[in-house]
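S.K.: Got query01.txt for you, compact mmCIF, C-alpha atoms and all ligand atoms:
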```txt
# COMPACT_ATOMS: atom_id res chain seq x y z
CA MET A 274 -34.71 -27.56 25.34
CA THR A 275 -36.37 -25.28 27.93
CA MET A 276 -35.36 -27.21 31.01
CA ILE A 277 -34.25 -24.14 32.93
CA THR A 278 -36.49 -22.55 35.53
CA GLN A 279 -38.63 -19.47 34.99
CA ASP A 280 -36.21 -17.56 37.23
CA ALA A 281 -33.27 -18.45 35.10
CA ARG A 282 -35.14 -17.53 31.93
CA VAL A 283 -36.00 -14.11 33.33
CA ALA A 284 -32.36 -13.62 34.28
CA LEU A 285 -31.23 -14.56 30.78
CA ASP A 286 -33.66 -12.12 29.19
CA ALA A 287 -32.50 -9.34 31.48
CA LEU A 288 -28.87 -10.11 30.70
CA PHE A 289 -29.60 -10.05 27.00
CA GLU A 290 -31.32 -6.65 27.20
CA ARG A 291 -28.50 -5.18 29.24
CA MET A 292 -25.88 -6.47 26.84
CA ARG A 293 -27.72 -5.24 23.76
CA ASP A 294 -28.00 -1.80 25.29
CA ALA A 295 -24.34 -1.69 26.33
CA ASN A 296 -23.27 -2.89 22.89
CA GLU A 297 -24.95 0.06 21.21
CA ARG A 298 -23.02 2.65 23.17
CA SER A 299 -19.47 1.45 23.27
CA LEU A 300 -16.81 3.56 21.56
CA GLY A 301 -13.75 3.03 23.71
CA TYR A 302 -12.72 -0.59 23.38
CA PRO A 303 -11.31 -2.24 20.28
CA SER A 304 -14.05 -4.77 19.56
CA ALA A 305 -15.69 -4.53 16.14
CA LYS A 306 -19.42 -5.31 16.28
CA ASP A 307 -20.38 -5.54 12.62
CA PHE A 308 -20.51 -9.32 12.40
CA ASP A 309 -23.12 -12.01 12.04
CA TYR A 310 -22.07 -15.56 12.77
CA SER A 311 -25.57 -17.01 12.99
CA ALA A 312 -24.72 -19.42 10.14
CA LEU A 313 -22.39 -21.15 12.59
CA GLU A 314 -24.92 -21.63 15.41
CA ARG A 315 -25.45 -25.30 14.57
CA PHE A 316 -21.80 -26.02 15.34
CA LEU A 317 -22.46 -25.22 19.00
CA ARG A 318 -23.91 -28.73 19.27
CA PHE A 319 -20.47 -30.30 19.06
CA PRO A 320 -17.66 -30.59 21.62
CA ILE A 321 -15.19 -29.10 19.15
CA ASN A 322 -11.57 -29.36 20.21
CA ASN A 323 -8.47 -28.59 18.14
CA VAL A 324 -6.12 -30.22 20.63
CA GLY A 325 -2.49 -30.27 19.49
CA ASP A 326 -0.65 -28.79 16.53
CA PRO A 327 -2.95 -27.57 13.72
CA PHE A 328 -0.58 -28.99 11.12
CA ALA A 329 -0.11 -32.44 12.65
CA ASP A 330 -2.50 -35.39 12.48
CA ALA A 331 -4.92 -35.94 15.33
CA THR A 332 -7.00 -38.87 16.45
CA TYR A 333 -9.86 -36.72 17.72
CA ARG A 334 -11.99 -35.80 14.71
CA VAL A 335 -14.48 -33.28 16.12
CA GLU A 336 -12.24 -30.43 15.10
CA THR A 337 -11.81 -27.52 12.66
CA ARG A 338 -8.09 -27.68 11.96
CA GLU A 339 -8.54 -27.42 8.24
CA CYS A 340 -10.23 -24.04 8.81
CA GLU A 341 -7.51 -23.16 11.29
CA ARG A 342 -4.77 -23.87 8.75
CA GLU A 343 -6.54 -21.68 6.20
CA VAL A 344 -6.78 -18.80 8.69
CA VAL A 345 -3.11 -19.16 9.61
CA ALA A 346 -2.15 -19.27 5.91
CA PHE A 347 -4.12 -16.07 5.25
CA PHE A 348 -2.25 -14.16 7.95
CA ALA A 349 1.12 -15.68 7.02
CA ASP A 350 0.50 -14.38 3.51
CA ILE A 351 -0.54 -10.82 4.42
CA PHE A 352 2.30 -10.69 7.00
CA ARG A 353 4.76 -11.66 4.21
CA ALA A 354 6.08 -14.72 6.04
CA PRO A 355 8.88 -16.51 4.17
CA GLN A 356 7.67 -19.21 1.81
CA ASP A 357 7.60 -22.64 3.50
CA ASP A 358 9.03 -21.22 6.69
CA TRP A 359 5.96 -20.18 8.65
CA TRP A 360 3.77 -21.80 11.24
CA GLY A 361 0.99 -20.60 13.51
CA TYR A 362 -2.25 -21.32 15.27
CA VAL A 363 -5.48 -19.70 16.40
CA THR A 364 -5.07 -18.46 19.97
CA ASN A 365 -7.44 -17.22 22.65
CA GLY A 366 -6.39 -13.65 21.89
CA GLY A 367 -3.49 -11.26 21.55
CA THR A 368 -2.20 -12.02 25.03
CA GLU A 369 -1.65 -15.69 24.23
CA GLY A 370 -0.03 -14.84 20.89
CA ASN A 371 2.35 -12.47 22.67
CA LEU A 372 3.09 -15.11 25.30
CA TYR A 373 3.86 -17.56 22.51
CA GLY A 374 6.21 -15.14 20.73
CA LEU A 375 8.08 -14.42 23.96
CA TYR A 376 8.23 -18.11 24.85
CA LEU A 377 9.73 -18.90 21.47
CA ALA A 378 12.23 -16.05 21.87
CA ARG A 379 13.24 -17.33 25.31
CA GLU A 380 13.80 -20.87 24.01
CA LEU A 381 15.99 -19.51 21.21
CA LEU A 382 17.83 -16.92 23.31
CA PRO A 383 17.71 -18.19 26.91
CA ASN A 384 19.89 -15.32 28.15
CA GLY A 385 18.01 -12.72 26.13
CA MET A 386 16.88 -9.36 27.44
CA VAL A 387 13.43 -8.12 26.47
CA TYR A 388 13.07 -4.47 25.44
CA TYR A 389 9.69 -2.80 25.18
CA SER A 390 8.36 0.72 25.38
CA GLU A 391 6.51 2.14 28.34
CA GLN A 392 3.30 2.20 26.25
CA THR A 393 3.23 -1.60 26.04
CA HIS A 394 -0.01 -3.41 26.92
CA TYR A 395 -0.44 -4.26 30.59
CA SER A 396 -0.56 -8.01 29.88
CA VAL A 397 3.05 -8.12 28.68
CA ALA A 398 4.65 -7.57 32.10
CA LYS A 399 2.63 -10.53 33.36
CA ASN A 400 3.74 -12.67 30.41
CA LEU A 401 7.37 -11.82 31.18
CA HIS A 402 6.81 -12.69 34.80
CA PHE A 403 5.39 -16.12 33.79
CA LEU A 404 8.41 -16.71 31.62
CA GLY A 405 10.94 -15.33 34.08
CA MET A 406 12.49 -13.12 31.40
CA ARG A 407 14.65 -10.12 32.15
CA HIS A 408 13.37 -6.91 30.62
CA ILE A 409 14.05 -3.20 30.25
CA THR A 410 11.46 -0.50 29.61
CA ILE A 411 12.32 2.02 26.91
CA ARG A 412 10.92 5.53 26.81
CA SER A 413 8.08 6.35 24.45
CA GLN A 414 7.75 9.44 22.31
CA ARG A 415 4.73 11.66 22.86
CA SER A 416 2.94 9.86 20.01
CA GLY A 417 3.33 6.56 21.87
CA GLU A 418 5.97 5.21 19.46
CA ILE A 419 9.15 3.82 21.00
CA ASP A 420 11.99 6.32 21.50
CA TYR A 421 14.63 4.97 19.10
CA GLU A 422 17.47 6.98 20.66
CA ASP A 423 16.72 5.58 24.12
CA LEU A 424 16.55 2.10 22.57
CA ARG A 425 19.88 2.55 20.84
CA GLU A 426 21.63 3.81 23.98
CA THR A 427 20.17 1.04 26.13
CA LEU A 428 21.09 -1.69 23.60
CA LYS A 429 24.60 -0.30 23.53
CA ILE A 430 24.98 -0.66 27.30
CA HIS A 431 23.86 -4.32 27.21
CA ARG A 432 25.67 -5.42 24.06
CA ASP A 433 26.73 -8.72 25.62
CA VAL A 434 23.09 -9.87 26.00
CA PRO A 435 21.01 -10.87 22.93
CA PRO A 436 18.05 -8.49 22.59
CA ILE A 437 14.44 -9.61 22.26
CA ILE A 438 12.43 -6.69 20.96
CA PHE A 439 8.77 -6.59 21.86
CA ALA A 440 7.43 -4.07 19.33
CA ASN A 441 4.03 -2.41 19.49
CA ILE A 442 2.18 -2.33 16.20
CA GLY A 443 -0.55 -0.09 17.52
CA THR A 444 -0.24 0.82 21.20
CA THR A 445 -3.33 0.36 23.31
CA MET A 446 -3.98 4.03 24.06
CA THR A 447 -2.75 5.94 20.99
CA GLU A 448 -2.33 3.29 18.26
CA ALA A 449 1.30 4.21 17.71
CA ARG A 450 3.31 1.75 15.61
CA ASP A 451 6.97 1.04 16.32
CA ASP A 452 8.97 0.81 13.09
CA ILE A 453 10.65 -2.58 12.93
CA ARG A 454 12.92 -1.60 10.05
CA THR A 455 14.32 1.27 12.08
CA ILE A 456 14.79 -1.04 15.09
CA ALA A 457 16.52 -3.68 12.94
CA ALA A 458 18.77 -0.99 11.43
CA ILE A 459 19.80 0.15 14.92
CA MET A 460 20.78 -3.42 15.79
CA ASP A 461 22.64 -3.83 12.47
CA ASP A 462 24.47 -0.64 13.25
CA LEU A 463 25.53 -1.99 16.64
CA ALA A 464 26.56 -5.28 14.99
CA ILE A 465 24.01 -7.21 17.05
CA ARG A 466 23.31 -10.40 15.09
CA GLN A 467 21.73 -12.62 17.72
CA ARG A 468 18.31 -11.09 18.22
CA TYR A 469 14.58 -11.68 18.06
CA ILE A 470 11.74 -9.31 17.16
CA HIS A 471 8.12 -9.93 18.11
CA SER A 472 5.32 -7.72 16.77
CA ASP A 473 2.35 -7.16 19.03
CA ALA A 474 -0.20 -6.32 16.35
CA ALA A 475 -3.27 -7.06 18.46
CA LEU A 476 -5.42 -4.33 16.92
CA SER A 477 -3.47 -3.10 13.90
CA GLY A 478 -2.59 -6.59 12.62
CA GLY A 479 -6.12 -6.81 11.26
CA TYR A 480 -5.45 -4.03 8.72
CA ALA A 481 -1.81 -2.87 8.86
CA ALA A 482 -0.99 -4.83 5.70
CA PHE A 483 -3.52 -2.70 3.80
CA LEU A 484 -2.43 0.72 4.99
CA ASP A 485 -0.68 3.09 2.63
CA PRO A 486 2.14 3.63 3.45
CA ARG A 487 2.47 0.12 4.81
CA PRO A 488 3.89 0.21 8.36
CA ALA A 489 7.14 -1.72 8.90
CA PHE A 490 5.83 -4.51 11.13
CA ASP A 491 5.95 -7.88 9.39
CA PHE A 492 8.29 -10.75 8.51
CA ALA A 493 9.73 -9.01 5.45
CA ASP A 494 10.55 -6.06 7.72
CA GLY A 495 12.38 -8.33 10.18
CA ALA A 496 9.76 -9.69 12.61
CA ASP A 497 10.22 -13.25 13.87
CA SER A 498 6.68 -13.63 15.18
CA ILE A 499 3.45 -11.62 15.05
CA ALA A 500 0.37 -11.79 17.24
CA VAL A 501 -3.02 -10.39 16.24
CA SER A 502 -6.40 -10.44 17.99
CA GLY A 503 -9.37 -11.81 16.03
CA HIS A 504 -12.09 -10.14 18.06
CA LYS A 505 -10.68 -6.65 17.63
CA PHE A 506 -10.70 -5.41 14.05
CA LEU A 507 -12.31 -8.45 12.39
CA GLY A 508 -14.84 -8.91 15.19
CA ALA A 509 -16.03 -12.03 17.01
CA PRO A 510 -18.32 -12.85 19.94
CA ILE A 511 -15.52 -14.82 21.60
CA PRO A 512 -12.02 -13.46 22.18
CA CYS A 513 -9.57 -15.09 19.79
CA GLY A 514 -6.42 -14.36 17.81
CA VAL A 515 -3.70 -15.70 15.59
CA VAL A 516 0.03 -16.07 16.12
CA ILE A 517 2.47 -16.60 13.25
CA ALA A 518 6.12 -17.55 13.70
CA ARG A 519 9.04 -18.78 11.64
CA LYS A 520 8.64 -22.53 11.27
CA HIS A 521 12.28 -23.45 11.76
CA ASN A 522 12.19 -21.68 15.13
CA VAL A 523 9.03 -23.51 16.20
CA GLN A 524 10.57 -26.82 15.17
CA ARG A 525 13.32 -26.30 17.72
CA ILE A 526 10.66 -26.20 20.43
CA ALA A 527 8.71 -29.09 18.88
CA ARG A 528 11.82 -31.23 18.97
CA ALA A 529 12.31 -30.57 22.64
CA ILE A 530 8.77 -31.74 23.30
CA ASP A 531 9.07 -34.69 20.92
CA TYR A 532 11.38 -36.00 23.59
CA ILE A 533 8.42 -36.51 25.91
CA GLY A 534 6.45 -38.07 23.08
CA SER A 535 4.15 -35.31 21.89
CA LEU A 536 3.75 -32.73 19.15
CA ASP A 537 2.43 -30.25 21.64
CA THR A 538 3.57 -27.01 19.99
CA THR A 539 0.75 -24.79 21.33
CA ILE A 540 0.33 -23.28 24.79
CA SER A 541 -2.99 -24.91 25.72
CA GLY A 542 -3.67 -28.62 25.42
CA SER A 543 -7.37 -28.59 24.56
CA ARG A 544 -7.92 -25.70 22.19
CA ASN A 545 -10.96 -23.73 21.11
CA GLY A 546 -12.11 -25.12 17.76
CA PHE A 547 -15.01 -22.72 17.40
CA SER A 548 -12.93 -19.56 16.96
CA PRO A 549 -10.94 -20.94 14.00
CA LEU A 550 -14.31 -21.64 12.40
CA MET A 551 -15.45 -18.07 13.09
CA LEU A 552 -12.28 -16.54 11.72
CA TRP A 553 -12.41 -18.79 8.66
CA TYR A 554 -16.01 -17.75 8.04
CA ARG A 555 -15.19 -14.09 8.57
CA LEU A 556 -12.26 -14.13 6.16
CA ARG A 557 -14.29 -15.99 3.53
CA GLU A 558 -17.10 -13.50 3.99
CA LEU A 559 -14.99 -10.34 3.82
CA GLY A 560 -12.02 -11.30 1.68
CA VAL A 561 -9.24 -8.78 1.28
CA GLU A 562 -11.63 -6.40 -0.48
CA GLY A 563 -14.03 -6.44 2.47
CA ILE A 564 -11.22 -5.75 4.92
CA ARG A 565 -9.95 -2.86 2.79
CA GLU A 566 -13.43 -1.42 2.56
CA ARG A 567 -13.98 -1.59 6.33
CA LEU A 568 -10.56 -0.02 6.88
CA SER A 569 -11.21 2.94 4.63
CA ARG A 570 -14.56 3.54 6.30
CA SER A 571 -12.88 3.52 9.72
CA LEU A 572 -10.11 5.88 8.65
CA GLU A 573 -12.59 8.28 7.10
CA LEU A 574 -14.78 8.36 10.21
CA ALA A 575 -11.77 8.67 12.51
CA ALA A 576 -10.75 11.79 10.58
CA TYR A 577 -14.34 13.02 10.80
CA LEU A 578 -14.37 12.56 14.59
CA GLU A 579 -10.99 14.22 15.01
CA SER A 580 -12.05 17.33 13.12
CA GLY A 581 -15.50 17.35 14.75
CA LEU A 582 -13.90 17.41 18.19
CA ARG A 583 -11.46 20.10 17.18
CA ALA A 584 -14.35 22.16 15.85
CA ILE A 585 -15.86 22.33 19.35
CA GLY A 586 -12.50 23.22 20.89
CA ILE A 587 -11.33 19.81 22.07
CA ASP A 588 -7.66 19.06 21.57
CA ALA A 589 -8.17 15.76 19.75
CA ARG A 590 -5.27 14.07 17.98
CA ARG A 591 -4.60 10.97 15.96
CA ASN A 592 -1.46 9.18 14.82
CA PRO A 593 -0.96 8.86 11.05
CA ASN A 594 -3.38 6.32 9.56
CA ALA A 595 -4.83 5.46 12.98
CA ILE A 596 -8.44 4.59 13.71
CA THR A 597 -7.92 5.68 17.33
CA VAL A 598 -8.75 9.27 18.25
CA VAL A 599 -7.13 10.50 21.45
CA LEU A 600 -8.65 13.30 23.53
CA PRO A 601 -8.02 14.88 26.93
CA ARG A 602 -9.48 12.78 29.74
CA VAL A 603 -13.29 12.95 29.57
CA SER A 604 -15.65 13.36 32.54
CA ASP A 605 -16.82 10.30 34.43
CA ALA A 606 -20.33 10.76 32.99
CA ILE A 607 -19.09 10.67 29.39
CA ARG A 608 -16.72 7.86 30.21
CA ALA A 609 -19.52 5.75 31.65
CA LYS A 610 -22.05 6.54 28.93
CA TRP A 611 -19.74 5.74 26.00
CA GLN A 612 -17.53 3.18 27.77
CA LEU A 613 -14.34 5.06 26.99
CA ALA A 614 -10.99 3.59 27.97
CA THR A 615 -9.10 6.20 29.96
CA ALA A 616 -5.51 6.19 31.18
CA GLY A 617 -3.84 9.07 32.99
CA ASN A 618 -4.85 12.29 31.32
CA ILE A 619 -6.14 10.85 28.05
CA SER A 620 -9.20 8.97 26.79
CA HIS A 621 -9.69 7.47 23.39
CA VAL A 622 -12.32 6.49 20.87
CA ILE A 623 -11.60 3.59 18.55
CA VAL A 624 -13.45 4.09 15.31
CA LEU A 625 -14.09 0.48 14.34
CA PRO A 626 -16.01 -0.36 11.17
CA ASN A 627 -19.31 -0.68 13.02
CA VAL A 628 -19.15 2.93 14.24
CA THR A 629 -21.55 5.23 12.39
CA ARG A 630 -21.54 8.93 11.69
CA PRO A 631 -24.77 9.53 13.70
CA GLN A 632 -23.15 7.79 16.69
CA LEU A 633 -20.14 10.08 16.44
CA ASP A 634 -22.41 13.12 16.02
CA SER A 635 -24.24 12.14 19.17
CA PHE A 636 -20.95 11.66 21.03
CA ILE A 637 -19.67 15.06 19.88
CA ALA A 638 -23.00 16.64 20.88
CA ASP A 639 -22.69 15.17 24.39
CA LEU A 640 -19.24 16.68 24.77
CA ALA A 641 -20.39 20.02 23.38
CA ALA A 642 -23.36 20.10 25.77
CA GLU A 643 -21.10 19.39 28.71
CA ARG A 644 -18.75 22.18 27.67
CA ALA A 645 -21.68 24.60 27.31
CA VAL A 646 -22.80 23.81 30.88
CA GLN A 647 -19.26 24.34 32.16
CA GLY A 648 -19.07 27.58 30.19
CA VAL A 649 -15.92 26.50 28.34
C1 LIG B 701 -5.68 -5.78 23.13
C2 LIG B 701 -4.21 -5.76 23.15
C3 LIG B 701 -3.48 -6.84 23.66
C4 LIG B 701 -4.14 -8.03 24.30
O1 LIG B 701 -4.89 -8.73 23.38
P1 LIG B 701 -6.15 -9.61 23.85
O2 LIG B 701 -6.70 -10.09 22.55
O3 LIG B 701 -7.05 -8.70 24.61
O4 LIG B 701 -5.61 -10.72 24.70
C5 LIG B 701 -2.11 -6.80 23.58
N1 LIG B 701 -1.49 -5.74 23.04
C6 LIG B 701 -2.15 -4.69 22.55
C7 LIG B 701 -1.39 -3.56 21.94
C8 LIG B 701 -3.54 -4.65 22.59
O5 LIG B 701 -4.19 -3.60 22.10
```
Spit out the file's structure as structure tokens when you get a sec.
M.R.:
Amino acid sequence: MTMITQDARVALDALFERMRDANERSLGYPSAKDFDYSALERFLRFPINNVGDPFADATYRVETRECEREVVAFFADIFRAPQDDWWGYVTNGGTEGNLYGLYLARELLPNGMVYYSEQTHYSVAKNLHFLGMRHITIRSQRSGEIDYEDLRETLKIHRDVPPIIFANIGTTMTEARDDIRTIAAIMDDLAIRQRYIHSDAALSGGYAAFLDPRPAFDFADGADSIAVSGHKFLGAPIPCGVVIARKHNVQRIARAIDYIGSLDTTISGSRNGFSPLMLWYRLRELGVEGIRERLSRSLELAAYLESGLRAIGIDARRNPNAITVVLPRVSDAIRAKWQLATAGNISHVIVLPNVTRPQLDSFIADLAAERAVQGV
């Protein structure tokens, strides 16, 4: 096995040390770290490839599509997809799932106009550019949730164009969730029947189904497709995700591609077969009970952090049932030490299930020490 040079081995060891160190002090990005996939190491020996549709037959047998179908079925179930009318696959992350949802929407409503709030993830504008879709940015409320009045007024102006709503189920900076029922009601009110709603549930999709009250984000609430990241709340060493859509909509695309002789319903040709295995393993390991337990721990510690910050005079805030704590922009030193995502005048901490109370205490102590030095 050890065919690499001494130099390369030293470099690998150094990389490993650096990564381990960085991993211990990261509070700002939405990647859960409480996982152990070592049971799957032996599968790294195979050139796994889930090429093609996970529900169609394939000639290539070094694949994990049975696991993939189980993962897709799990999410279709918790996202309350209509019986026998769902389809999906394991993606390379939330971005691909969002691209898929928008692609599907464009095929169904070629003249559609995409509406999304100004708090939408940066990758979405690029997706729309790829797809050549027209779009309008809607104002956000201070919480980060879409401004429903601005949406209503804008929809009214463009009544002749079918709307494609790109809803945020947990915005990147403040974890605000757009309410799909409210959005659907606005469109009902305006007698807009031809429409499509995609839920970008990259982070929150991992637990939104288990929140009380349950946010309005899924198929029963009116969504036509939902994207979730696998490496965010569930946690994985490789970015991955899941997209779920209504099967009859996907079949309209599949037909079009049948014409060129293929059941190529996914975006990539060759597809990662290792991440479906990881997600399958993770879901089997945690089950719904495990997810619920990790969620309640996160919510509890997020509340703990919020009040701890307030106690030292920092104006921390948190949306209802969010695991993201928002605070005024931190110093560059704090930002670098704790790897905090910062945008404009705010920074945030995402209290994922791996975060511990001592870690938060140490973070709060760093901020308190800095304030003491500054005489605040
Ligand atoms: C992280 C995120 C994305 C992108 O997902 P990736 O898995 O990083 O590709 C999209 N939207 C939101 C709201 C996100 O938080």
S.K.: Please provide the set of residues having any atom within 6 Å of segment 336-340 of chain A, restricted to all atoms listed in the file, with same-chain residues fewer than 6 positions apart removed, written as an NGL selection string.
M.R.: :A and (321-323 or 327 or 546 or 550 or 553)
S.K.: Store the residues picked out above in a file with C-alpha atoms, as an mmCIF file, keeping the file's coordinate frame.
M.R.:
```cif
data_model
loop_
_atom_site.group_PDB
_atom_site.id
_atom_site.type_symbol
_atom_site.label_atom_id
_atom_site.label_comp_id
_atom_site.auth_asym_id
_atom_site.auth_seq_id
_atom_site.Cartn_x
_atom_site.Cartn_y
_atom_site.Cartn_z
ATOM 1 C CA ILE A 321 -15.190 -29.100 19.150
ATOM 2 C CA ASN A 322 -11.570 -29.360 20.210
ATOM 3 C CA ASN A 323 -8.470 -28.590 18.140
ATOM 4 C CA PRO A 327 -2.950 -27.570 13.720
ATOM 5 C CA GLY A 546 -12.110 -25.120 17.760
ATOM 6 C CA LEU A 550 -14.310 -21.640 12.400
ATOM 7 C CA TRP A 553 -12.410 -18.790 8.660
#
```
S.K.: What's around segment 625-631 of chain A at 8 Å? Count all atoms listed in the file, leave out sequence neighbours fewer than 5 positions away in its own chain, and write the answer as an MDAnalysis selection string.
M.R.: chainID A and resid 300 303:307 506 567:568 570:571 574 596
S.K.: So that I can see what lies close to segment 484-492 of chain A, please list as a PyMOL selection string the residues with an atom at most 10 Å from it, counting only C-alpha atoms and leaving out residues fewer than 6 positions away in the same chain.
M.R.: chain A and resi 349-355+359+440-442+450-456+470-474+477-478+498-499+517-519+565+568-569+572+593-595
S.K.: As a list in words, please: every protein or nucleic acid residue near ligand LIG 701 (chain B) (cut-off 6 Å, counting only C-alpha atoms and all ligand atoms).
M.R.: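 For ligand LIG 701 (chain B), the residues inside 6 Å are Gly366, Gly367, Thr368, His394, Gly443, Thr444, Thr445, Asp473, Ala475, Leu476 and Ser502 of chain A.
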S.K.: Output the selection as a PDB file, keeping the file's coordinate frame - C-alpha atoms for each residue.
M.R.:
```pdb
ATOM      1  CA  GLY A 366      -6.390 -13.650  21.890  1.00  0.00           C
ATOM      2  CA  GLY A 367      -3.490 -11.260  21.550  1.00  0.00           C
ATOM      3  CA  THR A 368      -2.200 -12.020  25.030  1.00  0.00           C
ATOM      4  CA  HIS A 394      -0.010  -3.410  26.920  1.00  0.00           C
ATOM      5  CA  GLY A 443      -0.550  -0.090  17.520  1.00  0.00           C
ATOM      6  CA  THR A 444      -0.240   0.820  21.200  1.00  0.00           C
ATOM      7  CA  THR A 445      -3.330   0.360  23.310  1.00  0.00           C
ATOM      8  CA  ASP A 473       2.350  -7.160  19.030  1.00  0.00           C
ATOM      9  CA  ALA A 475      -3.270  -7.060  18.460  1.00  0.00           C
ATOM     10  CA  LEU A 476      -5.420  -4.330  16.920  1.00  0.00           C
ATOM     11  CA  SER A 502      -6.400 -10.440  17.990  1.00  0.00           C
TER      12      SER A 502
END
```
S.K.: So which one's closest to Leu559 of chain A, A:Gly325, A:Gly508, A:Phe289, A:Gly495? Using all atoms listed in the file, please.
M.R.: A:Gly508
S.K.: First collect every listed atom of segment 510-514 of chain A; then fit an axis-aligned box around them, widen it by 3 Å on each side, and give centre and edge lengths in Å to one decimal, as AutoDock Vina command-line options.
M.R.:
```
--center_x -12.4 --center_y -14.0 --center_z 20.0 --size_x 17.9 --size_y 8.2 --size_z 10.4
```
S.K.: Quick one: residues within 9 Å of Val622 of chain A, all atoms listed in the file, excluding same-chain residues fewer than 4 positions away - as JSON, numbers by chain?
M.R.: {"A": [300, 301, 302, 303, 575, 578, 596, 597, 598, 599, 600, 613, 614]}
